[in-house]
Amino acid sequence: MLEGVQFQPMTDLLSVQSKLLQVIYQQPYPLLFSTVSGAHLYGFPSPDSDYDLRGIHLLPLAELLGLDTGPETVEVSELQSGLQIDLVTHETKKFFGLLLRRNGAVLEQLYSPLIIHTTPEHQILKEIAQGCITRYHSHHYLGFAKTQWRLFEKDSPQQVKPLLYVYRVLLTGVYLMQTGTVEANLVTLNQTFRLSYLSDLIQAKLSGSEKTTLKIDELDFHRQEYIRWCSTLEAASQVSELPEESSAKPALHDLLLHLRLRDYSWR
């Protein structure tokens, strides 16, 4: 069930798997998939990091066609046997719509290699969603980076976590523009970009807490790097060979009908 997961070295993997699956199977609706996102996916979880689970839930026809409809988004935050677990799932149609609106976050959730629960339709959706990727996904990553940078700058002292999110977002965007591949793990990305300072930041986050802070004399350097990588992402978008428009809407439509009309089993 857990494919390729790299949790903290001291974590009992089987114990974590059991706890995460327990949350998944307690949900009121069947899931098309559930994956791990957040710091664990990005490659820099602290010992006290939450486990962020993301996925798609499928409402029954009775909650789609009646006057009282089911939730488009389900959110669960709970402490499960010492683990803080935050689960967010979107209903199928909403998730598909986000894919068509060039939302990089749902792409990362869909293609996360840290799979907790999967189905044959999950694999089909991953194939279809390749047609959702366009060079205008750069707008998502630039906007997200600017938001994270504001969060980073407003803190005093500045924390390592939001700074790592800035770099993670920018490098994911550049890599997507260059290769058409969704890669959200900063450690993996840095094997391509080889930024020596990232290794130090990641190590500080891995060995510290969520509130690990940055040295004050490093701020100017990272501000210049932030500006440089924003420019790099914009330039990469301009020369990217990715299409300008998604081609996946007809296939997503057919998959949605398939899921609506079949008797979908929870297990």
# chains A, B, ... in the order shown; residues from 1 in each chain; ligands from 1
>>> residues_around(residues="region 243-251 of chain A", least_positions_apart="5", cutoff="6 Å", atoms="only C-alpha atoms", output="tab-separated table (two decimals) with N, CA and C atoms, in the first residue's frame")
chain	number	residue	atom	x	y	z
A	131	GLY	N	-2.33	15.16	-20.03
A	131	GLY	CA	-2.85	16.12	-20.99
A	131	GLY	C	-3.34	17.41	-20.37
A	132	CYS	N	-3.30	17.50	-19.03
A	132	CYS	CA	-3.68	18.74	-18.34
A	132	CYS	C	-2.50	19.69	-18.16
A	134	THR	N	0.27	22.22	-18.85
A	134	THR	CA	0.56	23.25	-19.84
A	134	THR	C	1.66	24.17	-19.32
A	135	ARG	N	2.19	24.99	-20.20
A	135	ARG	CA	3.24	25.91	-19.76
A	135	ARG	C	2.69	27.01	-18.86
>>> closest_atom_pairs(of="region 124-227 of chain A", to="region 85-102 of chain A", cutoff="8 Å", atoms="only C-alpha atoms", output="tab-separated table")
residue	atom	partner	partner_atom	distance
A:Ala129	CA	A:Leu99	CA	7.3
A:Cys132	CA	A:Leu100	CA	6.1
A:Ile133	CA	A:Arg102	CA	7.1
A:Thr134	CA	A:Arg102	CA	7.4
A:Tyr136	CA	A:Arg102	CA	7.1
A:His137	CA	A:Arg102	CA	5.4
A:His140	CA	A:Arg102	CA	7.1
>>> closest_residue(among="A:Val160, A:Phe152, A:Leu252, A:Ser138", to="Cys230 (chain A)", atoms="only C-alpha atoms")
A:Ser138
>>> closest_residue(among="A:Ala204, A:Ala62, A:Thr69, A:Leu214", to="Asp155 (chain A)", atoms="only C-alpha atoms")
A:Leu214
>>> atom_distance(atom1="CA of Arg260 (chain A)", atom2="CA of Glu63 (chain A)")
11.4 Å
>>> residues_around(residues="Ala236 (chain A)", least_positions_apart="5", cutoff="8 Å", atoms="only C-alpha atoms", output="NGL selection string")
:A and (174 or 177-178)
>>> select_by_dssp(residues="region 3-248 of chain A", states="strand (DSSP E or B)", output="MDAnalysis selection string")
chainID A and resid 3 31:37 51:57 73:80 83:91 115:117 159 213
>>> write_last_selection(atoms="N, CA and C atoms", output="short mmCIF file (atom, residue, chain, number, x, y, z; two decimals), in the first residue's frame")
data_model
loop_
_atom_site.label_atom_id
_atom_site.label_comp_id
_atom_site.auth_asym_id
_atom_site.auth_seq_id
_atom_site.Cartn_x
_atom_site.Cartn_y
_atom_site.Cartn_z
N GLU A 3 3.83 3.00 -1.19
CA GLU A 3 4.78 2.78 -2.27
C GLU A 3 5.87 3.85 -2.24
N LEU A 31 -12.78 6.26 -1.68
CA LEU A 31 -11.73 7.13 -2.21
C LEU A 31 -11.17 6.55 -3.49
N LEU A 32 -11.02 7.42 -4.49
CA LEU A 32 -10.36 7.02 -5.72
C LEU A 32 -8.88 6.78 -5.46
N PHE A 33 -8.29 7.65 -4.61
CA PHE A 33 -6.92 7.47 -4.16
C PHE A 33 -6.70 8.33 -2.93
N SER A 34 -5.65 8.03 -2.20
CA SER A 34 -5.15 8.90 -1.14
C SER A 34 -3.64 8.81 -1.12
N THR A 35 -2.97 9.97 -1.11
CA THR A 35 -1.51 10.02 -1.09
C THR A 35 -1.03 10.95 0.02
N VAL A 36 0.24 10.84 0.34
CA VAL A 36 0.86 11.74 1.32
C VAL A 36 1.40 12.96 0.58
N SER A 37 1.08 14.14 1.10
CA SER A 37 1.58 15.39 0.56
C SER A 37 2.36 16.11 1.66
N TYR A 51 1.17 14.62 9.16
CA TYR A 51 1.02 13.77 7.98
C TYR A 51 -0.16 14.31 7.17
N ASP A 52 0.13 14.88 6.02
CA ASP A 52 -0.89 15.49 5.18
C ASP A 52 -1.34 14.47 4.12
N LEU A 53 -2.58 14.04 4.21
CA LEU A 53 -3.16 13.09 3.27
C LEU A 53 -4.10 13.83 2.33
N ARG A 54 -4.01 13.53 1.04
CA ARG A 54 -4.84 14.19 0.04
C ARG A 54 -5.44 13.14 -0.89
N GLY A 55 -6.57 13.46 -1.50
CA GLY A 55 -7.16 12.49 -2.41
C GLY A 55 -8.48 12.93 -2.98
N ILE A 56 -9.19 11.96 -3.58
CA ILE A 56 -10.49 12.16 -4.21
C ILE A 56 -11.50 11.24 -3.54
N HIS A 57 -12.65 11.80 -3.14
CA HIS A 57 -13.74 10.95 -2.68
C HIS A 57 -14.87 10.96 -3.70
N THR A 73 -15.81 19.00 -0.51
CA THR A 73 -14.52 18.82 0.15
C THR A 73 -14.75 18.26 1.55
N VAL A 74 -13.97 17.27 1.91
CA VAL A 74 -14.00 16.68 3.25
C VAL A 74 -12.65 16.95 3.90
N GLU A 75 -12.68 17.50 5.11
CA GLU A 75 -11.45 17.80 5.84
C GLU A 75 -11.50 17.13 7.21
N VAL A 76 -10.42 16.46 7.56
CA VAL A 76 -10.30 15.77 8.85
C VAL A 76 -8.94 16.12 9.43
N SER A 77 -8.93 16.60 10.66
CA SER A 77 -7.68 16.86 11.38
C SER A 77 -7.79 16.20 12.75
N GLU A 78 -6.90 15.26 13.01
CA GLU A 78 -7.00 14.54 14.28
C GLU A 78 -5.64 13.99 14.69
N LEU A 79 -5.51 13.76 15.97
CA LEU A 79 -4.33 13.12 16.52
C LEU A 79 -4.62 11.64 16.64
N GLN A 80 -3.87 10.83 15.90
CA GLN A 80 -4.10 9.38 15.85
C GLN A 80 -2.86 8.66 16.37
N LEU A 83 0.28 10.66 16.13
CA LEU A 83 0.54 11.30 14.84
C LEU A 83 -0.55 12.33 14.55
N GLN A 84 -0.15 13.55 14.19
CA GLN A 84 -1.12 14.55 13.76
C GLN A 84 -1.40 14.32 12.27
N ILE A 85 -2.63 13.97 11.96
CA ILE A 85 -3.01 13.62 10.60
C ILE A 85 -4.02 14.64 10.09
N ASP A 86 -3.73 15.22 8.93
CA ASP A 86 -4.63 16.18 8.28
C ASP A 86 -4.99 15.63 6.91
N LEU A 87 -6.26 15.28 6.74
CA LEU A 87 -6.73 14.70 5.49
C LEU A 87 -7.69 15.67 4.81
N VAL A 88 -7.47 15.90 3.52
CA VAL A 88 -8.37 16.70 2.70
C VAL A 88 -8.64 15.93 1.41
N THR A 89 -9.92 15.71 1.11
CA THR A 89 -10.27 15.09 -0.16
C THR A 89 -11.30 15.96 -0.87
N HIS A 90 -11.21 16.00 -2.20
CA HIS A 90 -12.19 16.69 -3.03
C HIS A 90 -13.04 15.67 -3.75
N GLU A 91 -14.31 16.02 -3.97
CA GLU A 91 -15.18 15.17 -4.77
C GLU A 91 -14.65 15.13 -6.19
N ILE A 115 1.88 6.60 -1.87
CA ILE A 115 0.50 6.18 -2.08
C ILE A 115 0.01 5.37 -0.88
N ILE A 116 -1.09 5.83 -0.30
CA ILE A 116 -1.70 5.11 0.82
C ILE A 116 -2.82 4.19 0.33
N HIS A 117 -3.65 4.72 -0.56
CA HIS A 117 -4.76 3.95 -1.11
C HIS A 117 -4.87 4.25 -2.60
N GLN A 159 11.77 31.82 9.54
CA GLN A 159 11.86 30.39 9.76
C GLN A 159 12.29 29.66 8.49
N THR A 213 14.68 28.36 12.86
CA THR A 213 14.83 29.70 12.30
C THR A 213 16.11 29.83 11.48
#
>>> closest_residue(among="A:His258, A:Tyr165, A:Lys19, A:Asp68", to="Glu121 (chain A)", atoms="only C-alpha atoms")
A:His258
>>> closest_residue(among="A:Asn103, A:Ser81, A:Gln158, A:Gln130", to="Leu219 (chain A)", atoms="only C-alpha atoms")
A:Gln158
>>> atom_distance(atom1="CA of Asn190 (chain A)", atom2="CA of Asp220 (chain A)")
21.3 Å
>>> select_by_dssp(residues="region 145-211 of chain A", states="alpha helix (DSSP H)", output="ChimeraX atom specification")
/A:145-154,160-179,186-193,196-207
>>> write_last_selection(atoms="N, CA and C atoms", output="CSV table (one decimal), in the first residue's frame")
chain,number,residue,atom,x,y,z
A,145,ALA,N,4.8,30.8,-4.9
A,145,ALA,CA,6.1,31.2,-4.4
A,145,ALA,C,6.0,32.6,-3.8
A,146,LYS,N,5.3,33.5,-4.4
A,146,LYS,CA,5.2,34.9,-3.9
A,146,LYS,C,4.4,34.9,-2.5
A,147,THR,N,3.4,34.0,-2.4
A,147,THR,CA,2.7,33.9,-1.2
A,147,THR,C,3.6,33.4,-0.1
A,148,GLN,N,4.3,32.3,-0.4
A,148,GLN,CA,5.3,31.7,0.6
A,148,GLN,C,6.4,32.7,1.0
A,149,TRP,N,6.8,33.5,0.0
A,149,TRP,CA,7.9,34.5,0.3
A,149,TRP,C,7.4,35.5,1.3
A,150,ARG,N,6.1,36.0,1.1
A,150,ARG,CA,5.5,37.0,2.0
A,150,ARG,C,5.4,36.4,3.4
A,151,LEU,N,5.0,35.1,3.5
A,151,LEU,CA,4.9,34.5,4.8
A,151,LEU,C,6.3,34.4,5.5
A,152,PHE,N,7.3,34.1,4.7
A,152,PHE,CA,8.7,34.0,5.2
A,152,PHE,C,9.2,35.3,5.7
A,153,GLU,N,9.0,36.4,4.9
A,153,GLU,CA,9.5,37.7,5.3
A,153,GLU,C,8.8,38.3,6.5
A,154,LYS,N,7.6,38.1,6.7
A,154,LYS,CA,6.8,38.7,7.7
A,154,LYS,C,7.2,38.2,9.1
A,160,VAL,N,12.9,28.5,8.7
A,160,VAL,CA,13.4,27.7,7.6
A,160,VAL,C,12.3,27.1,6.8
A,161,LYS,N,11.2,26.7,7.4
A,161,LYS,CA,10.2,26.0,6.7
A,161,LYS,C,9.6,26.7,5.6
A,162,PRO,N,9.1,28.0,5.8
A,162,PRO,CA,8.5,28.7,4.6
A,162,PRO,C,9.5,29.0,3.5
A,163,LEU,N,10.8,29.2,3.9
A,163,LEU,CA,11.9,29.4,2.9
A,163,LEU,C,12.0,28.1,2.0
A,164,LEU,N,12.0,27.0,2.7
A,164,LEU,CA,12.1,25.7,1.9
A,164,LEU,C,10.9,25.6,1.0
A,165,TYR,N,9.7,26.0,1.4
A,165,TYR,CA,8.5,25.9,0.6
A,165,TYR,C,8.7,26.8,-0.6
A,166,VAL,N,9.3,28.0,-0.5
A,166,VAL,CA,9.6,28.9,-1.6
A,166,VAL,C,10.5,28.2,-2.6
A,167,TYR,N,11.6,27.6,-2.2
A,167,TYR,CA,12.5,27.0,-3.1
A,167,TYR,C,11.8,25.7,-3.8
A,168,ARG,N,11.1,25.0,-3.0
A,168,ARG,CA,10.4,23.8,-3.5
A,168,ARG,C,9.5,24.1,-4.6
A,169,VAL,N,8.7,25.2,-4.4
A,169,VAL,CA,7.7,25.6,-5.4
A,169,VAL,C,8.3,26.1,-6.6
A,170,LEU,N,9.4,26.9,-6.5
A,170,LEU,CA,10.0,27.5,-7.7
A,170,LEU,C,10.7,26.4,-8.5
A,171,LEU,N,11.4,25.5,-7.8
A,171,LEU,CA,12.2,24.4,-8.5
A,171,LEU,C,11.2,23.4,-9.2
A,172,THR,N,10.1,23.1,-8.5
A,172,THR,CA,9.1,22.2,-9.1
A,172,THR,C,8.5,22.9,-10.3
A,173,GLY,N,8.3,24.2,-10.3
A,173,GLY,CA,7.8,24.9,-11.5
A,173,GLY,C,8.8,24.9,-12.6
A,174,VAL,N,10.0,25.2,-12.3
A,174,VAL,CA,11.0,25.2,-13.4
A,174,VAL,C,11.2,23.8,-14.0
A,175,TYR,N,11.3,22.8,-13.1
A,175,TYR,CA,11.4,21.4,-13.6
A,175,TYR,C,10.2,21.0,-14.5
A,176,LEU,N,9.0,21.4,-14.1
A,176,LEU,CA,7.8,21.0,-14.9
A,176,LEU,C,7.9,21.7,-16.2
A,177,MET,N,8.3,22.9,-16.3
A,177,MET,CA,8.4,23.6,-17.6
A,177,MET,C,9.5,23.0,-18.5
A,178,GLN,N,10.6,22.5,-17.9
A,178,GLN,CA,11.7,21.9,-18.6
A,178,GLN,C,11.4,20.5,-19.1
A,179,THR,N,10.7,19.7,-18.3
A,179,THR,CA,10.6,18.3,-18.6
A,179,THR,C,9.1,17.8,-18.7
A,186,LEU,N,12.1,18.1,-2.9
A,186,LEU,CA,13.2,19.1,-3.1
A,186,LEU,C,14.5,18.4,-3.1
A,187,VAL,N,14.7,17.3,-2.4
A,187,VAL,CA,15.9,16.5,-2.4
A,187,VAL,C,16.2,16.0,-3.8
A,188,THR,N,15.2,15.4,-4.4
A,188,THR,CA,15.3,14.9,-5.8
A,188,THR,C,15.5,16.0,-6.8
A,189,LEU,N,14.8,17.1,-6.6
A,189,LEU,CA,15.0,18.3,-7.5
A,189,LEU,C,16.4,18.8,-7.4
A,190,ASN,N,17.0,18.8,-6.2
A,190,ASN,CA,18.3,19.4,-6.1
A,190,ASN,C,19.4,18.5,-6.7
A,191,GLN,N,19.1,17.3,-7.0
A,191,GLN,CA,20.0,16.4,-7.8
A,191,GLN,C,20.2,17.0,-9.2
A,192,THR,N,19.2,17.7,-9.7
A,192,THR,CA,19.3,18.3,-11.0
A,192,THR,C,19.9,19.8,-10.8
A,193,PHE,N,19.4,20.5,-9.9
A,193,PHE,CA,19.8,22.0,-9.8
A,193,PHE,C,21.1,22.2,-9.0
A,196,SER,N,24.0,24.2,-3.4
A,196,SER,CA,24.6,23.7,-2.2
A,196,SER,C,23.9,24.2,-0.9
A,197,TYR,N,23.4,25.4,-0.9
A,197,TYR,CA,22.7,25.9,0.3
A,197,TYR,C,21.5,25.2,0.7
A,198,LEU,N,20.8,24.5,-0.3
A,198,LEU,CA,19.6,23.8,0.0
A,198,LEU,C,19.9,22.6,0.9
A,199,SER,N,21.0,21.9,0.7
A,199,SER,CA,21.3,20.8,1.6
A,199,SER,C,21.4,21.2,3.0
A,200,ASP,N,22.0,22.4,3.3
A,200,ASP,CA,22.1,22.9,4.7
A,200,ASP,C,20.7,23.2,5.2
A,201,LEU,N,19.9,23.9,4.4
A,201,LEU,CA,18.5,24.2,4.9
A,201,LEU,C,17.7,23.0,5.2
A,202,ILE,N,17.8,22.0,4.3
A,202,ILE,CA,17.0,20.8,4.5
A,202,ILE,C,17.5,20.0,5.8
A,203,GLN,N,18.8,20.0,5.9
A,203,GLN,CA,19.3,19.3,7.1
A,203,GLN,C,18.9,20.0,8.4
A,204,ALA,N,18.8,21.3,8.4
A,204,ALA,CA,18.4,22.1,9.6
A,204,ALA,C,16.9,21.8,9.9
A,205,LYS,N,16.1,21.6,8.8
A,205,LYS,CA,14.7,21.3,9.0
A,205,LYS,C,14.5,19.9,9.5
A,206,LEU,N,15.2,18.9,8.9
A,206,LEU,CA,15.1,17.5,9.3
A,206,LEU,C,15.5,17.3,10.7
A,207,SER,N,16.5,18.0,11.2
A,207,SER,CA,17.0,17.7,12.5
A,207,SER,C,16.4,18.6,13.6
>>> atom_distance(atom1="CA of Ser156 (chain A)", atom2="CA of Gly208 (chain A)")
17.6 Å
>>> decode(residues="region 22-40 of chain A", atoms="N, CA and C atoms", output="PDB file, in the first residue's frame")
ATOM      1  N   GLN A  22      -5.955   3.505   8.866  1.00  0.00           N
ATOM      2  CA  GLN A  22      -7.109   3.544   9.757  1.00  0.00           C
ATOM      3  C   GLN A  22      -7.936   4.806   9.508  1.00  0.00           C
ATOM      4  N   VAL A  23      -7.253   5.922   9.304  1.00  0.00           N
ATOM      5  CA  VAL A  23      -7.950   7.175   9.001  1.00  0.00           C
ATOM      6  C   VAL A  23      -8.666   7.065   7.659  1.00  0.00           C
ATOM      7  N   ILE A  24      -7.978   6.508   6.661  1.00  0.00           N
ATOM      8  CA  ILE A  24      -8.558   6.369   5.327  1.00  0.00           C
ATOM      9  C   ILE A  24      -9.849   5.542   5.379  1.00  0.00           C
ATOM     10  N   TYR A  25      -9.815   4.421   6.054  1.00  0.00           N
ATOM     11  CA  TYR A  25     -10.964   3.519   6.053  1.00  0.00           C
ATOM     12  C   TYR A  25     -12.089   3.980   6.972  1.00  0.00           C
ATOM     13  N   GLN A  26     -11.858   5.022   7.730  1.00  0.00           N
ATOM     14  CA  GLN A  26     -12.920   5.606   8.545  1.00  0.00           C
ATOM     15  C   GLN A  26     -13.732   6.653   7.782  1.00  0.00           C
ATOM     16  N   GLN A  27     -13.312   6.987   6.569  1.00  0.00           N
ATOM     17  CA  GLN A  27     -13.989   8.039   5.825  1.00  0.00           C
ATOM     18  C   GLN A  27     -15.373   7.583   5.350  1.00  0.00           C
ATOM     19  N   PRO A  28     -16.306   8.526   5.249  1.00  0.00           N
ATOM     20  CA  PRO A  28     -17.696   8.152   4.925  1.00  0.00           C
ATOM     21  C   PRO A  28     -17.927   7.806   3.460  1.00  0.00           C
ATOM     22  N   TYR A  29     -16.971   8.155   2.579  1.00  0.00           N
ATOM     23  CA  TYR A  29     -17.143   7.923   1.148  1.00  0.00           C
ATOM     24  C   TYR A  29     -15.947   7.138   0.605  1.00  0.00           C
ATOM     25  N   PRO A  30     -16.170   6.326  -0.438  1.00  0.00           N
ATOM     26  CA  PRO A  30     -15.038   5.631  -1.057  1.00  0.00           C
ATOM     27  C   PRO A  30     -14.067   6.622  -1.667  1.00  0.00           C
ATOM     28  N   LEU A  31     -12.782   6.261  -1.681  1.00  0.00           N
ATOM     29  CA  LEU A  31     -11.734   7.128  -2.206  1.00  0.00           C
ATOM     30  C   LEU A  31     -11.172   6.547  -3.493  1.00  0.00           C
ATOM     31  N   LEU A  32     -11.017   7.419  -4.486  1.00  0.00           N
ATOM     32  CA  LEU A  32     -10.357   7.019  -5.724  1.00  0.00           C
ATOM     33  C   LEU A  32      -8.879   6.780  -5.458  1.00  0.00           C
ATOM     34  N   PHE A  33      -8.289   7.648  -4.612  1.00  0.00           N
ATOM     35  CA  PHE A  33      -6.916   7.471  -4.156  1.00  0.00           C
ATOM     36  C   PHE A  33      -6.700   8.335  -2.926  1.00  0.00           C
ATOM     37  N   SER A  34      -5.650   8.026  -2.199  1.00  0.00           N
ATOM     38  CA  SER A  34      -5.151   8.902  -1.136  1.00  0.00           C
ATOM     39  C   SER A  34      -3.636   8.806  -1.121  1.00  0.00           C
ATOM     40  N   THR A  35      -2.969   9.972  -1.109  1.00  0.00           N
ATOM     41  CA  THR A  35      -1.506  10.022  -1.090  1.00  0.00           C
ATOM     42  C   THR A  35      -1.033  10.951   0.019  1.00  0.00           C
ATOM     43  N   VAL A  36       0.244  10.840   0.344  1.00  0.00           N
ATOM     44  CA  VAL A  36       0.865  11.735   1.315  1.00  0.00           C
ATOM     45  C   VAL A  36       1.399  12.958   0.579  1.00  0.00           C
ATOM     46  N   SER A  37       1.083  14.136   1.104  1.00  0.00           N
ATOM     47  CA  SER A  37       1.579  15.392   0.561  1.00  0.00           C
ATOM     48  C   SER A  37       2.364  16.108   1.660  1.00  0.00           C
ATOM     49  N   GLY A  38       2.555  17.412   1.521  1.00  0.00           N
ATOM     50  CA  GLY A  38       3.222  18.185   2.551  1.00  0.00           C
ATOM     51  C   GLY A  38       4.697  17.880   2.678  1.00  0.00           C
ATOM     52  N   ALA A  39       5.233  18.128   3.867  1.00  0.00           N
ATOM     53  CA  ALA A  39       6.676  18.051   4.088  1.00  0.00           C
ATOM     54  C   ALA A  39       7.247  16.667   3.800  1.00  0.00           C
ATOM     55  N   HIS A  40       6.462  15.603   4.028  1.00  0.00           N
ATOM     56  CA  HIS A  40       6.965  14.254   3.735  1.00  0.00           C
ATOM     57  C   HIS A  40       7.167  14.063   2.236  1.00  0.00           C
TER      58      HIS A  40
END
